[in-house]
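A.B. asks: Below is a structure I'd like to ask you about.
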Amino acid sequence: MALLLACDYRYAAEGRVLIGKPEILLGVPNPYFADQLVRFVAGDFVGSDLLYTGKLISGEQALAQRLIHGVGVTADIESIAWQQLKFLCQLAPEAFAETKNMRSGRFCADIRQQMSARVARQVEIWNSEDAQSRLREAAKRLAR
């Protein structure tokens, strides 16, 4: 989901496409960058709901929550994304870069400022006996 949300335009195929950040259900925090990216794109209300519940949502639900720009049939969605990319590539590079920086500059600055401390704490939690036990149990369930 973090990679998806890092894109300027986001699309999903119809059907069983599930989007989410289920780390909390495994007893570990989401990586700091991913957490902040979800909140930046989705807003705190939707972001907190996704991050706190770990639920996975369909492309259609993601569209309704404005996490993605469009949903299409599997055979067409890649072409739709390529068309959008071609359009962006035709824009004046400096103008596009500055416009994007105005949108995400504050987000990037906040990430740089907080990253080291947040990652250190998350590594501590991920390596805790409780988290490792939960991860082992989840791996057993997935292996079935």
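Chain identifiers are assigned as A, B, and so on, following the order in which chains appear in the structure tokens; residues are numbered from 1 within each chain, and ligands are numbered from 1 in order of appearance.
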Show which residues sit within 12 Å of A:Gln84, as a PyMOL selection string. Count only C-alpha atoms, and ignore same-chain residues fewer than 6 positions away.
C.D. replies: chain A and resi 7-11+69-70+77-78+90-91
A.B. asks: Selection from above, N, CA and C atoms, as an mmCIF file, in the first residue's frame, can you write it?
C.D. replies:
data_model
loop_
_atom_site.group_PDB
_atom_site.id
_atom_site.type_symbol
_atom_site.label_atom_id
_atom_site.label_comp_id
_atom_site.auth_asym_id
_atom_site.auth_seq_id
_atom_site.Cartn_x
_atom_site.Cartn_y
_atom_site.Cartn_z
ATOM 1 N N CYS A 7 2.697 6.959 -5.290
ATOM 2 C CA CYS A 7 2.514 7.359 -6.685
ATOM 3 C C CYS A 7 1.635 8.599 -6.776
ATOM 4 N N ASP A 8 1.886 9.407 -7.809
ATOM 5 C CA ASP A 8 1.073 10.607 -8.015
ATOM 6 C C ASP A 8 -0.346 10.270 -8.431
ATOM 7 N N TYR A 9 -0.489 9.246 -9.243
ATOM 8 C CA TYR A 9 -1.805 8.765 -9.650
ATOM 9 C C TYR A 9 -1.874 7.281 -9.338
ATOM 10 N N ARG A 10 -3.004 6.860 -8.818
ATOM 11 C CA ARG A 10 -3.146 5.480 -8.342
ATOM 12 C C ARG A 10 -4.405 4.853 -8.938
ATOM 13 N N TYR A 11 -4.239 3.641 -9.462
ATOM 14 C CA TYR A 11 -5.333 2.910 -10.075
ATOM 15 C C TYR A 11 -5.357 1.483 -9.546
ATOM 16 N N HIS A 69 -7.299 6.976 -7.826
ATOM 17 C CA HIS A 69 -7.945 7.837 -8.807
ATOM 18 C C HIS A 69 -8.939 7.117 -9.694
ATOM 19 N N GLY A 70 -8.806 5.807 -9.800
ATOM 20 C CA GLY A 70 -9.718 5.097 -10.657
ATOM 21 C C GLY A 70 -9.630 3.595 -10.497
ATOM 22 N N ILE A 77 -6.615 -1.493 -17.102
ATOM 23 C CA ILE A 77 -6.097 -0.586 -16.076
ATOM 24 C C ILE A 77 -4.647 -0.178 -16.326
ATOM 25 N N GLU A 78 -3.834 -1.079 -16.846
ATOM 26 C CA GLU A 78 -2.440 -0.721 -17.133
ATOM 27 C C GLU A 78 -2.372 0.341 -18.232
ATOM 28 N N GLN A 90 4.601 14.946 -20.550
ATOM 29 C CA GLN A 90 4.537 16.061 -21.493
ATOM 30 C C GLN A 90 4.534 17.415 -20.793
ATOM 31 N N LEU A 91 4.367 17.429 -19.489
ATOM 32 C CA LEU A 91 4.361 18.689 -18.746
ATOM 33 C C LEU A 91 5.778 19.252 -18.651
#
A.B. asks: Where does DSSP see strand (DSSP E) in chain A, if you list the residues as a list in words?
C.D. replies: Tyr11, Ala12, Ala13, Leu18, Ile19, Gly20, Leu56, Ile57, Ser58, Gly70, Val71 and Gly72 of chain A
A.B. asks: Write out, as a tab-separated table, each residue of stretch 89-110 of chain A that has an atom at most 10 Å from stretch 24-40 of chain A, together with the closest pair of atoms and their distance in Å to one decimal, counting only C-alpha atoms, rows going by chain and rising number.
C.D. replies:
residue	atom	partner	partner_atom	distance
A:Ser104	CA	A:Phe40	CA	8.8
A:Phe107	CA	A:Phe40	CA	7.4
A:Cys108	CA	A:Phe33	CA	9.6
A:Asp110	CA	A:Gln36	CA	9.2
A.B. asks: Take the residues that were just selected and, keeping N, CA and C atoms, output them as a PDB file, in the first residue's frame.
C.D. replies:
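Written output follows (again.pdb):
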ATOM      1  N   SER A 104       4.034  18.270  -1.556  1.00  0.00           N
ATOM      2  CA  SER A 104       4.608  17.291  -0.634  1.00  0.00           C
ATOM      3  C   SER A 104       5.814  17.771   0.156  1.00  0.00           C
ATOM      4  N   PHE A 107       5.467  17.451   4.005  1.00  0.00           N
ATOM      5  CA  PHE A 107       5.455  16.031   4.343  1.00  0.00           C
ATOM      6  C   PHE A 107       6.880  15.479   4.367  1.00  0.00           C
ATOM      7  N   CYS A 108       7.649  15.748   3.309  1.00  0.00           N
ATOM      8  CA  CYS A 108       9.026  15.240   3.219  1.00  0.00           C
ATOM      9  C   CYS A 108       9.902  15.807   4.332  1.00  0.00           C
ATOM     10  N   ASP A 110       8.930  16.795   7.318  1.00  0.00           N
ATOM     11  CA  ASP A 110       8.534  16.142   8.571  1.00  0.00           C
ATOM     12  C   ASP A 110       9.115  14.734   8.665  1.00  0.00           C
TER      13      ASP A 110
END
A.B. asks: When DSSP is applied to the backbone of this structure, which of stretch 61-91 of chain A are assigned helix (DSSP H, G or I)? Write them out as a JSON list (two decimals) with C-alpha atoms, in the first residue's frame.
C.D. replies:
[["chain", "number", "residue", "atom", "x", "y", "z"],
["A", 61, "GLN", "CA", -13.77, 1.10, -1.52],
["A", 62, "ALA", "CA", -10.38, 2.78, -1.98],
["A", 63, "LEU", "CA", -11.86, 4.88, -4.77],
["A", 64, "ALA", "CA", -14.80, 5.88, -2.57],
["A", 74, "THR", "CA", -7.93, -5.74, -15.33],
["A", 75, "ALA", "CA", -7.30, -5.77, -19.07],
["A", 76, "ASP", "CA", -7.54, -1.95, -19.31],
["A", 77, "ILE", "CA", -6.10, -0.59, -16.08],
["A", 78, "GLU", "CA", -2.44, -0.72, -17.13],
["A", 79, "SER", "CA", -3.25, 1.19, -20.31],
["A", 80, "ILE", "CA", -5.11, 3.83, -18.29],
["A", 81, "ALA", "CA", -2.10, 4.26, -16.01],
["A", 82, "TRP", "CA", 0.27, 4.52, -19.00],
["A", 83, "GLN", "CA", -1.92, 7.21, -20.56],
["A", 84, "GLN", "CA", -1.73, 9.23, -17.37],
["A", 85, "LEU", "CA", 2.05, 8.79, -17.24],
["A", 86, "LYS", "CA", 2.39, 9.95, -20.86],
["A", 87, "PHE", "CA", 0.37, 13.05, -20.02],
["A", 88, "LEU", "CA", 2.58, 13.85, -17.01],
["A", 89, "CYS", "CA", 5.73, 13.35, -19.09]]
A.B. asks: Neighbouring residues of stretch 43-58 of chain A were defined as those with any atom within 7 Å, considering only C-alpha atoms; residues of the same chain fewer than 5 positions away were excluded. Please report them as a ChimeraX atom specification.
C.D. replies: /A:16-25,38
A.B. asks: Report, in Å with one decimal, the straight-line distance from atom CA of A:Ala13 to atom CA of A:Ile68.
C.D. replies: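 Atom CA of A:Ala13 sits 10.8 Å away from atom CA of A:Ile68.
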A.B. asks: Between atom CA of A:Thr99 and atom CA of A:Leu4, what distance in Å does the model show, to one decimal?
C.D. replies: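 Interatomic distance, atom CA of A:Thr99 to atom CA of A:Leu4: 20.1 Å.
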A.B. asks: Tell me which of A:Arg103, A:Ala109, A:Val71, A:Ala92 sits closest to A:Val41, counting only C-alpha atoms.
C.D. replies: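 Result for the nearest residue to A:Val41: A:Arg103.
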